[in-house]
$ cat data_3.txt   # compact mmCIF, C-alpha atoms
# COMPACT_ATOMS: atom_id res chain seq x y z
CA GLU A 1 -21.58 -12.90 49.78
CA ASP A 2 -22.56 -11.57 46.35
CA ARG A 3 -20.28 -12.91 43.62
CA LYS A 4 -20.45 -11.49 40.13
CA ALA A 5 -20.21 -13.77 37.14
CA THR A 6 -16.96 -13.18 35.29
CA ALA A 7 -17.12 -16.13 32.90
CA ARG A 8 -19.55 -18.51 31.28
CA CYS A 9 -19.08 -22.18 30.43
CA LEU A 10 -20.11 -22.75 26.81
CA ASP A 11 -20.70 -26.46 27.44
CA CYS A 12 -22.87 -26.46 30.55
CA GLY A 13 -24.24 -22.92 30.19
CA GLU A 14 -23.36 -21.94 33.75
CA PHE A 15 -22.23 -18.45 34.70
CA LEU A 16 -19.10 -18.64 36.86
CA CYS A 17 -17.63 -16.34 39.48
CA ASP A 18 -13.82 -15.96 39.67
CA MET A 19 -13.42 -18.85 42.11
CA HIS A 20 -15.53 -21.30 40.08
CA HIS A 21 -13.98 -20.08 36.83
CA LYS A 22 -10.58 -21.14 38.15
CA GLU A 23 -11.88 -24.51 39.43
CA HIS A 24 -13.92 -25.44 36.34
CA PRO A 25 -11.02 -26.80 34.22
CA PHE A 26 -9.79 -28.99 37.06
CA ARG A 27 -12.99 -30.87 37.85
CA ARG A 28 -13.32 -34.34 36.39
CA THR A 29 -16.71 -33.67 34.77
CA THR A 30 -15.87 -30.21 33.41
CA LYS A 31 -12.21 -30.47 32.52
CA ASN A 32 -12.93 -30.45 28.76
CA HIS A 33 -15.41 -27.58 28.86
CA GLN A 34 -14.79 -24.31 27.05
CA VAL A 35 -15.12 -21.22 29.22
CA GLU A 36 -15.31 -17.68 27.91
CA GLU A 37 -14.79 -14.54 29.92
CA LEU A 38 -17.83 -12.30 29.88
CA HIS A 39 -15.99 -9.05 29.25
CA SER A 40 -14.48 -10.46 26.05
CA HIS A 41 -17.70 -9.85 24.10
CA GLY A 42 -18.35 -6.34 25.35
CA ARG A 43 -22.05 -7.13 25.67
CA ARG A 44 -24.37 -8.32 28.35
CA PRO A 45 -24.53 -12.14 28.36
CA THR A 46 -27.74 -14.01 27.81
CA ARG A 47 -28.36 -17.37 29.38
CA SER A 48 -29.02 -20.02 26.75
CA VAL A 49 -30.95 -23.17 27.44
CA LYS A 50 -28.69 -26.21 27.23
CA PRO A 51 -30.32 -29.56 26.52
CA ARG A 52 -30.23 -32.10 29.32
CA CYS A 53 -29.56 -35.82 29.04
CA ALA A 54 -32.70 -37.98 28.95
CA LEU A 55 -31.00 -40.66 31.09
CA HIS A 56 -29.23 -38.33 33.53
CA GLN A 57 -31.63 -35.39 33.96
CA ASN A 58 -29.15 -33.34 35.99
CA SER A 59 -26.47 -33.56 33.30
CA PHE A 60 -26.15 -31.39 30.21
CA LEU A 61 -25.45 -32.78 26.75
CA THR A 62 -21.92 -31.45 26.39
CA LEU A 63 -20.30 -34.18 24.27
CA PHE A 64 -20.84 -35.55 20.78
CA CYS A 65 -20.01 -39.08 19.58
CA ARG A 66 -19.05 -38.83 15.92
CA GLN A 67 -19.54 -42.54 15.23
CA CYS A 68 -23.04 -42.72 16.69
CA VAL A 69 -23.87 -39.14 15.65
CA VAL A 70 -25.43 -38.46 19.04
CA ALA A 71 -25.04 -35.90 21.81
CA LEU A 72 -24.29 -37.28 25.26
CA CYS A 73 -23.40 -36.19 28.77
CA GLU A 74 -20.28 -36.97 30.78
CA LEU A 75 -22.10 -39.73 32.70
CA CYS A 76 -23.14 -41.47 29.46
CA ARG A 77 -19.53 -41.40 28.32
CA GLU A 78 -18.31 -42.76 31.66
CA ALA A 79 -20.90 -45.54 31.44
CA GLY A 80 -18.80 -46.94 28.61
CA SER A 81 -21.14 -47.09 25.64
CA HIS A 82 -19.17 -44.41 23.79
CA CYS A 83 -15.62 -45.05 24.88
CA GLY A 84 -14.70 -48.02 22.67
CA ASP A 85 -12.77 -48.17 19.42
CA GLY A 86 -14.05 -45.86 16.73
CA HIS A 87 -16.02 -43.69 19.13
CA ASN A 88 -14.50 -40.27 18.54
CA VAL A 89 -16.09 -38.18 21.29
CA GLN A 90 -15.61 -34.43 21.32
CA SER A 91 -17.28 -31.45 22.93
CA THR A 92 -20.49 -30.21 21.36
CA THR A 93 -18.80 -26.86 20.86
CA GLU A 94 -16.15 -28.52 18.67
CA ALA A 95 -18.66 -30.67 16.77
CA ALA A 96 -21.27 -27.96 16.17
CA PRO A 97 -19.63 -26.14 13.20
CA GLU A 98 -19.20 -29.33 11.17
CA MET A 99 -22.70 -30.57 12.01
CA ARG A 100 -24.17 -27.17 11.03
CA GLN A 101 -22.27 -27.37 7.75
CA LYS A 102 -23.64 -30.87 7.06
CA LEU A 103 -27.16 -29.70 7.88
CA ASP A 104 -26.78 -26.70 5.57
CA THR A 105 -25.53 -29.00 2.80
CA VAL A 106 -28.54 -31.31 3.15
CA ARG A 107 -30.89 -28.31 3.33
CA ARG A 108 -29.37 -26.89 0.13
CA GLN A 109 -29.67 -30.26 -1.62
CA VAL A 110 -33.34 -30.49 -0.75
CA CYS A 111 -34.00 -26.88 -1.75
CA ASP A 112 -31.88 -27.03 -4.93
CA THR A 113 -33.59 -30.11 -6.26
CA GLY A 114 -36.92 -28.48 -5.63
CA LYS A 115 -38.17 -31.90 -4.70
CA PRO A 116 -39.14 -32.00 -1.08
CA SER A 117 -41.50 -34.71 -2.32
CA ALA A 118 -38.44 -37.00 -2.61
CA VAL A 119 -38.00 -36.65 1.14
CA GLN A 120 -41.72 -37.27 1.63
CA ASN A 121 -41.52 -40.38 -0.59
CA ALA A 122 -38.59 -41.69 1.43
CA LEU A 123 -40.51 -40.99 4.64
CA SER A 124 -43.53 -42.85 3.25
CA GLU A 125 -41.34 -45.83 2.39
CA VAL A 126 -39.85 -45.85 5.88
CA THR A 127 -43.33 -45.65 7.41
CA ALA A 128 -44.53 -48.53 5.22
CA THR A 129 -41.49 -50.60 6.21
CA ILE A 130 -42.14 -49.92 9.88
CA THR A 131 -45.76 -51.05 9.44
CA GLU A 132 -44.60 -54.23 7.70
CA LEU A 133 -42.10 -54.93 10.47
CA ASN A 134 -44.76 -54.38 13.14
CA ASN A 135 -47.14 -56.77 11.32
CA ALA A 136 -44.38 -59.37 10.95
CA ALA A 137 -43.49 -59.05 14.64
CA GLU A 138 -47.14 -59.50 15.63
CA SER A 139 -47.51 -62.54 13.37
CA THR A 140 -44.27 -64.06 14.68
CA SER A 141 -45.36 -63.47 18.26
CA LYS A 142 -48.68 -65.22 17.61
CA SER A 143 -46.90 -68.14 15.91
CA ILE A 144 -44.50 -68.51 18.84
CA SER A 145 -47.40 -68.55 21.30
CA GLU A 146 -49.22 -71.21 19.28
CA ASN A 147 -46.10 -73.38 19.05
CA VAL A 148 -45.48 -73.10 22.78
CA GLU A 149 -49.09 -74.08 23.53
CA CYS A 150 -48.74 -77.11 21.25
CA LEU A 151 -45.48 -78.17 22.91
CA VAL A 152 -46.95 -77.72 26.39
CA GLY A 153 -49.93 -79.88 25.35
CA GLN A 154 -47.62 -82.61 24.09
CA LEU A 155 -45.57 -82.51 27.31
CA ARG A 156 -48.72 -82.79 29.45
CA LYS A 157 -49.89 -85.79 27.41
CA GLU A 158 -46.50 -87.50 27.86
CA GLU A 159 -46.59 -86.64 31.58
CA ARG A 160 -50.01 -88.34 31.98
CA GLU A 161 -48.81 -91.43 30.08
CA MET A 162 -45.69 -91.72 32.19
CA LEU A 163 -47.61 -91.29 35.44
CA ASN A 164 -50.09 -93.98 34.32
CA LYS A 165 -47.23 -96.40 33.56
CA LEU A 166 -45.68 -95.62 36.94
CA GLU A 167 -48.96 -96.40 38.67
CA GLU A 168 -49.32 -99.64 36.72
CA LEU A 169 -45.78 -100.68 37.69
CA ARG A 170 -46.30 -99.71 41.31
CA TRP A 171 -49.61 -101.57 41.69
CA GLY A 172 -48.36 -104.54 39.68
CA LYS A 173 -45.33 -105.03 41.95
CA LEU A 174 -47.29 -104.85 45.21
CA VAL A 175 -48.05 -108.26 46.73
CA PRO A 176 -51.29 -108.56 48.74
CA LEU A 177 -50.81 -109.42 52.41
$ encode --input "data_3.txt" --output "structure tokens"
Amino acid sequence: EDRKATARCLDCGEFLCDMHHKEHPFRRTTKNHQVEELHSHGRRPTRSVKPRCALHQNSFLTLFCRQCVVALCELCREAGSHCGDGHNVQSTTEAAPEMRQKLDTVRRQVCDTGKPSAVQNALSEVTATITELNNAAESTSKSISENVECLVGQLRKEEREMLNKLEELRWGKLVPL
């Protein structure tokens, strides 16, 4: 049976027939989605590409955690990492205008100052810090390995000494027949 799309979900990007349009708000994973009727725009709809979750490839990024400033899918939210105190999660459709405004503000600040080099300087500092942290991690790892080898050597030495004493005690206590 050929069903025409009469609506489109703005969160998951799916085109919906009448039956699915009516069901969409009642499903657990799509109950917070915004659906628009196609005839309301008076133009032919275009299908936009919605980003998918890196952890749950079959799920679209339809939510936004304001505290973590990250997009997430319904499964990520259900997993619990974004449902605690302070995690204000809202649909990406709701969060988009404010995030666009913040991006425009930052873009204007960079353009108005005429100093994109300030951003480049900050990026260089971050890169240098990352390099320092990687070097420190490598040095710490080497130091840990050396300390462990030293401790293992000391334990083996003590093991040999204790086994020798045990043998001495054992052979010293034996009475010849």
$ atom_distance --input "data_3.txt" --atom1 "atom CA of Val106 of chain A" --atom2 "atom CA of Leu133 of chain A"
28.2 Å
$ atom_distance --input "data_3.txt" --atom1 "atom CA of Val110 of chain A" --atom2 "atom CA of Thr127 of chain A"
19.9 Å
$ atom_distance --input "data_3.txt" --atom1 "atom CA of Leu10 of chain A" --atom2 "atom CA of Glu36 of chain A"
7.1 Å
$ closest_residue --input "data_3.txt" --among "A:Val152, A:Arg3, A:Glu23, A:Cys12" --to "Asn58 of chain A" --atoms "all atoms listed in the file"
A:Cys12
$ residues_around --input "data_3.txt" --residues "segment 67-77 of chain A" --least-positions-apart "2" --cutoff "8 Å" --atoms "all atoms listed in the file" --output "MDAnalysis selection string"
chainID A and resid 29 52:53 56 59:65 79:83 86:88 92
$ residues_around --input "data_3.txt" --residues "Lys22 of chain A" --least-positions-apart "3" --cutoff "12 Å" --atoms "all atoms listed in the file" --output "list in words"
Thr6, Ala7, Arg8, Cys9, Leu16, Cys17, Asp18, Met19, Pro25, Phe26, Arg27, Thr30, Lys31, Val35, Glu36 and Glu37 of chain A
$ write_last_selection --input "data_3.txt" --atoms "C-alpha atoms" --output "PDB file, keeping the file's coordinate frame"
ATOM      1  CA  THR A   6     -16.960 -13.180  35.290  1.00  0.00           C
ATOM      2  CA  ALA A   7     -17.120 -16.130  32.900  1.00  0.00           C
ATOM      3  CA  ARG A   8     -19.550 -18.510  31.280  1.00  0.00           C
ATOM      4  CA  CYS A   9     -19.080 -22.180  30.430  1.00  0.00           C
ATOM      5  CA  LEU A  16     -19.100 -18.640  36.860  1.00  0.00           C
ATOM      6  CA  CYS A  17     -17.630 -16.340  39.480  1.00  0.00           C
ATOM      7  CA  ASP A  18     -13.820 -15.960  39.670  1.00  0.00           C
ATOM      8  CA  MET A  19     -13.420 -18.850  42.110  1.00  0.00           C
ATOM      9  CA  PRO A  25     -11.020 -26.800  34.220  1.00  0.00           C
ATOM     10  CA  PHE A  26      -9.790 -28.990  37.060  1.00  0.00           C
ATOM     11  CA  ARG A  27     -12.990 -30.870  37.850  1.00  0.00           C
ATOM     12  CA  THR A  30     -15.870 -30.210  33.410  1.00  0.00           C
ATOM     13  CA  LYS A  31     -12.210 -30.470  32.520  1.00  0.00           C
ATOM     14  CA  VAL A  35     -15.120 -21.220  29.220  1.00  0.00           C
ATOM     15  CA  GLU A  36     -15.310 -17.680  27.910  1.00  0.00           C
ATOM     16  CA  GLU A  37     -14.790 -14.540  29.920  1.00  0.00           C
TER      17      GLU A  37
END
$ closest_residue --input "data_3.txt" --among "A:Ala137, A:Leu38, A:Ile144, A:Cys150" --to "Glu14 of chain A" --atoms "only C-alpha atoms"
A:Leu38
$ axis_aligned_box --input "data_3.txt" --around "segment 55-61 of chain A" --padding-each-side "4 Å" --output "JSON"
{"center_x": -28.5, "center_y": -36.0, "center_z": 31.4, "size_x": 14.2, "size_y": 17.3, "size_z": 17.2}
